[in-house]
Amino acid sequence: MQRYFLTSGQNAENIHFSKEDAHHIRRVMRMEEGDRVYAVFPEGKAGVAVLTSVTDTSVEARIEEWLEQSTEMPAEVVVACGLVKGDKFDYIIQKGTELGAAGFVPFEAERSIVKWDPKKGAKKTERWQKIAKEAAEQSHRNRIPDVAEPASMKQMIEQSSTFDVKIFAYEETAKSGEMTAFYEAVHSLKPGGRMLVVTGPEGGFSEKEAAQLQDSGFIPCALGPRILRAETAPLYVLSAVSFYLELKR
């Protein structure tokens, strides 16, 4: 069953789908009155909705049954990623959303090959938010991850004070053979807590950046004995946290 995220101001008896979603329901899914979809409200509550009106200009529905189970991680994990080349950040957002990320914060690192162009910023961020929405629908999430506009590392660090656990993937830690910090960080993350995971661009972090992160309370972590690509590291973290919090017994 197809899943759609609703805009604010909706109520269970009179749902109005956005113009884009209405087009998808009518033209792509070829649905009619009486068909059912999953509808997710902005606060995360989801239900089975029956379509009550399908016209050329709008689609309306009402909630038939509420869904009690949430598909969200028991803790929030936000990924702050150094800007990477090409469409790698698109990939991180798509797969990271499927793996349960609560949000994404791109930032400019010293070794980022890509430099942020503010003139194209709004359009790029809008594209990323659309990727997150589509991935959240596909993976049956109860919320769409936030995708922030790119920041400087300093700004990213300043925004980190609300997190309970703060880590950064650092290849020098892996090379030194230290393999316990990541486990301890995940072990300390409690249900309802918040973790900020910082990963670097293709060239990793400079020594200066690593020192800056550590001075700000971030824990340097090796993600296993192998060195991971920039687009792989955040997905490894999300997978490991999901296993530890959701599947481990």
# chains A, B, ... in the order shown; residues from 1 in each chain; ligands from 1
>>> select_by_dssp(residues="region 99-173 of chain A", states="helix (DSSP H, G or I)", output="compact mmCIF listing (two decimals) with N, CA, C and O atoms, in the first residue's frame")
# COMPACT_ATOMS: atom_id res chain seq x y z
N PRO A 118 25.97 29.34 -2.81
CA PRO A 118 24.72 29.83 -2.20
C PRO A 118 23.65 30.18 -3.23
O PRO A 118 22.46 30.08 -2.93
N LYS A 119 24.05 30.57 -4.44
CA LYS A 119 23.07 30.95 -5.47
C LYS A 119 22.23 29.75 -5.90
O LYS A 119 21.09 29.90 -6.32
N LYS A 120 22.81 28.57 -5.80
CA LYS A 120 22.09 27.36 -6.19
C LYS A 120 21.60 26.58 -4.96
O LYS A 120 21.05 25.49 -5.10
N GLY A 121 21.84 27.16 -3.80
CA GLY A 121 21.59 26.45 -2.55
C GLY A 121 20.17 26.02 -2.33
O GLY A 121 19.90 24.87 -1.99
N ALA A 122 19.21 26.94 -2.51
CA ALA A 122 17.81 26.63 -2.23
C ALA A 122 17.31 25.50 -3.12
O ALA A 122 16.62 24.59 -2.64
N LYS A 123 17.69 25.53 -4.39
CA LYS A 123 17.24 24.50 -5.33
C LYS A 123 17.83 23.14 -4.96
O LYS A 123 17.16 22.11 -5.01
N LYS A 124 19.11 23.15 -4.58
CA LYS A 124 19.78 21.90 -4.22
C LYS A 124 19.17 21.31 -2.95
O LYS A 124 18.90 20.11 -2.87
N THR A 125 18.92 22.15 -1.94
CA THR A 125 18.34 21.67 -0.69
C THR A 125 16.93 21.15 -0.93
O THR A 125 16.52 20.13 -0.33
N GLU A 126 16.18 21.81 -1.79
CA GLU A 126 14.83 21.35 -2.13
C GLU A 126 14.87 19.96 -2.76
O GLU A 126 14.04 19.11 -2.47
N ARG A 127 15.88 19.74 -3.62
CA ARG A 127 16.05 18.42 -4.24
C ARG A 127 16.35 17.37 -3.18
O ARG A 127 15.78 16.28 -3.20
N TRP A 128 17.24 17.70 -2.25
CA TRP A 128 17.58 16.75 -1.19
C TRP A 128 16.36 16.42 -0.33
O TRP A 128 16.16 15.28 0.06
N GLN A 129 15.54 17.42 -0.03
CA GLN A 129 14.35 17.20 0.79
C GLN A 129 13.35 16.30 0.06
O GLN A 129 12.68 15.46 0.68
N LYS A 130 13.29 16.45 -1.26
CA LYS A 130 12.40 15.59 -2.05
C LYS A 130 12.89 14.15 -2.03
O LYS A 130 12.10 13.21 -1.94
N ILE A 131 14.21 13.96 -2.12
CA ILE A 131 14.79 12.61 -2.06
C ILE A 131 14.46 11.97 -0.71
O ILE A 131 14.08 10.79 -0.64
N ALA A 132 14.58 12.76 0.37
CA ALA A 132 14.27 12.24 1.71
C ALA A 132 12.80 11.85 1.81
O ALA A 132 12.46 10.81 2.38
N LYS A 133 11.92 12.67 1.26
CA LYS A 133 10.48 12.38 1.30
C LYS A 133 10.15 11.09 0.56
O LYS A 133 9.44 10.22 1.08
N GLU A 134 10.68 10.95 -0.64
CA GLU A 134 10.41 9.76 -1.44
C GLU A 134 10.96 8.50 -0.77
O GLU A 134 10.31 7.45 -0.78
N ALA A 135 12.16 8.61 -0.20
CA ALA A 135 12.76 7.46 0.49
C ALA A 135 11.97 7.11 1.75
O ALA A 135 11.82 5.93 2.10
N ALA A 136 11.46 8.13 2.44
CA ALA A 136 10.65 7.88 3.65
C ALA A 136 9.34 7.18 3.30
O ALA A 136 8.88 6.30 4.04
N GLU A 137 8.74 7.56 2.18
CA GLU A 137 7.52 6.90 1.73
C GLU A 137 7.80 5.45 1.36
O GLU A 137 7.06 4.54 1.76
N GLN A 138 8.88 5.24 0.61
CA GLN A 138 9.22 3.88 0.15
C GLN A 138 9.51 2.94 1.31
O GLN A 138 9.13 1.77 1.31
N MET A 153 31.87 24.03 9.28
CA MET A 153 32.11 23.11 10.40
C MET A 153 31.85 23.82 11.73
O MET A 153 31.30 23.23 12.66
N LYS A 154 32.23 25.08 11.81
CA LYS A 154 32.02 25.84 13.04
C LYS A 154 30.53 25.90 13.37
O LYS A 154 30.13 25.69 14.53
N GLN A 155 29.70 26.18 12.38
CA GLN A 155 28.25 26.26 12.60
C GLN A 155 27.69 24.90 13.01
O GLN A 155 26.83 24.81 13.88
N MET A 156 28.20 23.85 12.36
CA MET A 156 27.73 22.50 12.69
C MET A 156 28.06 22.16 14.15
O MET A 156 27.22 21.63 14.88
N ILE A 157 29.26 22.51 14.57
CA ILE A 157 29.66 22.24 15.95
C ILE A 157 28.81 23.05 16.93
O ILE A 157 28.39 22.55 17.98
N GLU A 158 28.52 24.29 16.59
CA GLU A 158 27.71 25.14 17.46
C GLU A 158 26.30 24.58 17.64
O GLU A 158 25.67 24.80 18.68
N GLN A 159 25.81 23.85 16.64
CA GLN A 159 24.46 23.29 16.70
C GLN A 159 24.42 21.93 17.40
O GLN A 159 23.36 21.32 17.52
N SER A 160 25.58 21.45 17.86
CA SER A 160 25.66 20.09 18.40
C SER A 160 25.36 19.99 19.89
O SER A 160 25.37 18.90 20.45
N SER A 161 25.10 21.11 20.55
CA SER A 161 24.97 21.11 22.01
C SER A 161 23.74 20.34 22.51
O SER A 161 23.69 19.95 23.68
N THR A 162 22.76 20.09 21.64
CA THR A 162 21.53 19.42 22.08
C THR A 162 21.62 17.90 21.99
O THR A 162 20.64 17.22 22.31
N GLU A 171 39.74 8.01 10.47
CA GLU A 171 40.53 6.87 10.00
C GLU A 171 41.82 6.68 10.80
O GLU A 171 42.33 5.56 10.91
N GLU A 172 42.35 7.76 11.38
CA GLU A 172 43.57 7.62 12.18
C GLU A 172 43.30 6.77 13.43
O GLU A 172 44.20 6.08 13.93
N THR A 173 42.07 6.82 13.92
CA THR A 173 41.71 5.98 15.06
C THR A 173 41.73 4.51 14.65
O THR A 173 42.18 3.65 15.40
>>> residues_around(residues="Ala75 (chain A)", least_positions_apart="5", cutoff="7 Å", atoms="only C-alpha atoms", output="number ranges by chain")
A: 190-194
>>> residues_around(residues="Ala49 (chain A)", least_positions_apart="5", cutoff="7 Å", atoms="only C-alpha atoms", output="list of chain:residue names")
A:Arg36, A:Val37, A:Tyr38, A:Ala39, A:Ala61, A:Arg62, A:Ile63, A:Glu64
>>> residues_around(residues="region 80-95 of chain A", least_positions_apart="2", cutoff="8 Å", atoms="only C-alpha atoms", output="ChimeraX atom specification")
/A:78,97-99,104-109,112-115,128,131-132,135,156,196-202,230-232,234-235
>>> atom_distance(atom1="CA of Glu60 (chain A)", atom2="CA of Arg141 (chain A)")
21.6 Å
>>> closest_residue(among="A:Asn142, A:Ser58, A:Ser176, A:Ser18", to="Glu32 (chain A)", atoms="only C-alpha atoms")
A:Ser58
>>> atom_distance(atom1="CA of Leu6 (chain A)", atom2="CA of Val59 (chain A)")
12.1 Å
>>> select_by_dssp(residues="region 66-192 of chain A", states="strand (DSSP E or B)", output="ChimeraX atom specification")
/A:66-67,76-82,103-108,146-147,151-152,165-169
>>> atom_distance(atom1="CA of Glu68 (chain A)", atom2="CA of Val165 (chain A)")
28.7 Å
>>> decode(residues="region 200-234 of chain A", atoms="N, CA, C and O atoms", output="short mmCIF file (atom, residue, chain, number, x, y, z; two decimals), in the first residue's frame")
data_model
loop_
_atom_site.label_atom_id
_atom_site.label_comp_id
_atom_site.auth_asym_id
_atom_site.auth_seq_id
_atom_site.Cartn_x
_atom_site.Cartn_y
_atom_site.Cartn_z
N GLY A 200 33.51 12.62 7.28
CA GLY A 200 34.23 13.57 6.44
C GLY A 200 33.98 13.40 4.96
O GLY A 200 33.26 12.48 4.54
N PRO A 201 34.58 14.27 4.14
CA PRO A 201 34.50 14.15 2.69
C PRO A 201 35.47 13.07 2.21
O PRO A 201 36.02 12.31 3.02
N GLU A 202 35.70 13.01 0.90
CA GLU A 202 36.55 11.95 0.35
C GLU A 202 37.94 11.90 0.99
O GLU A 202 38.51 10.83 1.19
N GLY A 203 38.50 13.05 1.31
CA GLY A 203 39.84 13.10 1.87
C GLY A 203 39.91 12.98 3.38
O GLY A 203 41.00 13.04 3.97
N GLY A 204 38.76 12.79 4.02
CA GLY A 204 38.73 12.67 5.47
C GLY A 204 38.93 14.01 6.17
O GLY A 204 38.87 15.08 5.56
N PHE A 205 39.18 13.96 7.47
CA PHE A 205 39.38 15.17 8.26
C PHE A 205 40.86 15.51 8.35
O PHE A 205 41.72 14.63 8.42
N SER A 206 41.15 16.81 8.39
CA SER A 206 42.52 17.25 8.66
C SER A 206 42.79 17.10 10.15
O SER A 206 41.86 16.95 10.96
N GLU A 207 44.05 17.15 10.54
CA GLU A 207 44.40 17.07 11.96
C GLU A 207 43.78 18.22 12.74
O GLU A 207 43.34 18.05 13.88
N LYS A 208 43.74 19.39 12.11
CA LYS A 208 43.15 20.56 12.75
C LYS A 208 41.67 20.33 13.03
O LYS A 208 41.17 20.65 14.12
N GLU A 209 40.95 19.79 12.05
CA GLU A 209 39.51 19.54 12.22
C GLU A 209 39.27 18.47 13.28
O GLU A 209 38.35 18.59 14.10
N ALA A 210 40.09 17.43 13.27
CA ALA A 210 39.95 16.36 14.27
C ALA A 210 40.13 16.92 15.68
O ALA A 210 39.37 16.59 16.60
N ALA A 211 41.13 17.79 15.84
CA ALA A 211 41.37 18.40 17.15
C ALA A 211 40.21 19.30 17.55
O ALA A 211 39.79 19.33 18.72
N GLN A 212 39.67 20.04 16.57
CA GLN A 212 38.54 20.94 16.83
C GLN A 212 37.31 20.15 17.28
O GLN A 212 36.61 20.56 18.22
N LEU A 213 37.06 19.02 16.63
CA LEU A 213 35.92 18.18 17.01
C LEU A 213 36.11 17.59 18.41
O LEU A 213 35.19 17.61 19.24
N GLN A 214 37.30 17.09 18.69
CA GLN A 214 37.56 16.52 20.01
C GLN A 214 37.45 17.57 21.11
O GLN A 214 36.89 17.30 22.18
N ASP A 215 37.93 18.76 20.85
CA ASP A 215 37.84 19.85 21.83
C ASP A 215 36.38 20.23 22.09
O ASP A 215 36.07 20.81 23.13
N SER A 216 35.49 19.89 21.13
CA SER A 216 34.06 20.23 21.27
C SER A 216 33.24 19.06 21.78
O SER A 216 32.01 19.09 21.72
N GLY A 217 33.91 18.02 22.27
CA GLY A 217 33.21 16.91 22.90
C GLY A 217 32.85 15.75 22.00
O GLY A 217 32.12 14.84 22.41
N PHE A 218 33.35 15.76 20.76
CA PHE A 218 33.09 14.65 19.84
C PHE A 218 34.11 13.53 20.09
O PHE A 218 35.30 13.79 20.30
N ILE A 219 33.63 12.29 20.03
CA ILE A 219 34.49 11.13 20.26
C ILE A 219 34.98 10.58 18.93
O ILE A 219 34.17 10.24 18.05
N PRO A 220 36.31 10.48 18.71
CA PRO A 220 36.82 9.89 17.47
C PRO A 220 36.58 8.39 17.47
O PRO A 220 36.87 7.71 18.46
N CYS A 221 36.04 7.86 16.39
CA CYS A 221 35.69 6.44 16.34
C CYS A 221 36.21 5.77 15.08
O CYS A 221 36.14 6.35 13.98
N ALA A 222 36.69 4.55 15.24
CA ALA A 222 36.98 3.69 14.10
C ALA A 222 35.73 2.89 13.79
O ALA A 222 35.06 2.41 14.71
N LEU A 223 35.40 2.78 12.53
CA LEU A 223 34.23 1.98 12.12
C LEU A 223 34.73 0.65 11.58
O LEU A 223 34.61 0.33 10.41
N GLY A 224 35.32 -0.13 12.47
CA GLY A 224 35.90 -1.40 12.07
C GLY A 224 37.33 -1.22 11.60
O GLY A 224 37.84 -0.10 11.51
N PRO A 225 38.01 -2.31 11.23
CA PRO A 225 39.41 -2.26 10.85
C PRO A 225 39.67 -1.75 9.44
O PRO A 225 40.80 -1.49 9.06
N ARG A 226 38.60 -1.59 8.65
CA ARG A 226 38.77 -1.15 7.26
C ARG A 226 38.44 0.33 7.11
O ARG A 226 37.63 0.86 7.85
N ILE A 227 39.03 0.97 6.13
CA ILE A 227 38.76 2.38 5.85
C ILE A 227 37.59 2.47 4.88
O ILE A 227 37.65 1.91 3.77
N LEU A 228 36.53 3.16 5.28
CA LEU A 228 35.31 3.23 4.48
C LEU A 228 35.28 4.50 3.62
O LEU A 228 35.83 5.53 3.99
N ARG A 229 34.59 4.41 2.50
CA ARG A 229 34.38 5.58 1.65
C ARG A 229 33.47 6.59 2.36
O ARG A 229 32.71 6.23 3.27
N ALA A 230 33.51 7.83 1.88
CA ALA A 230 32.72 8.90 2.50
C ALA A 230 31.23 8.58 2.48
O ALA A 230 30.50 8.91 3.43
N GLU A 231 30.75 7.94 1.42
CA GLU A 231 29.32 7.63 1.32
C GLU A 231 28.95 6.34 2.05
O GLU A 231 27.76 6.04 2.23
N THR A 232 29.93 5.56 2.47
CA THR A 232 29.67 4.30 3.17
C THR A 232 29.63 4.49 4.68
O THR A 232 28.82 3.86 5.38
N ALA A 233 30.50 5.35 5.20
CA ALA A 233 30.64 5.51 6.65
C ALA A 233 29.32 5.83 7.36
O ALA A 233 28.98 5.18 8.36
N PRO A 234 28.55 6.83 6.91
CA PRO A 234 27.30 7.13 7.64
C PRO A 234 26.30 5.98 7.60
O PRO A 234 25.55 5.77 8.55
#
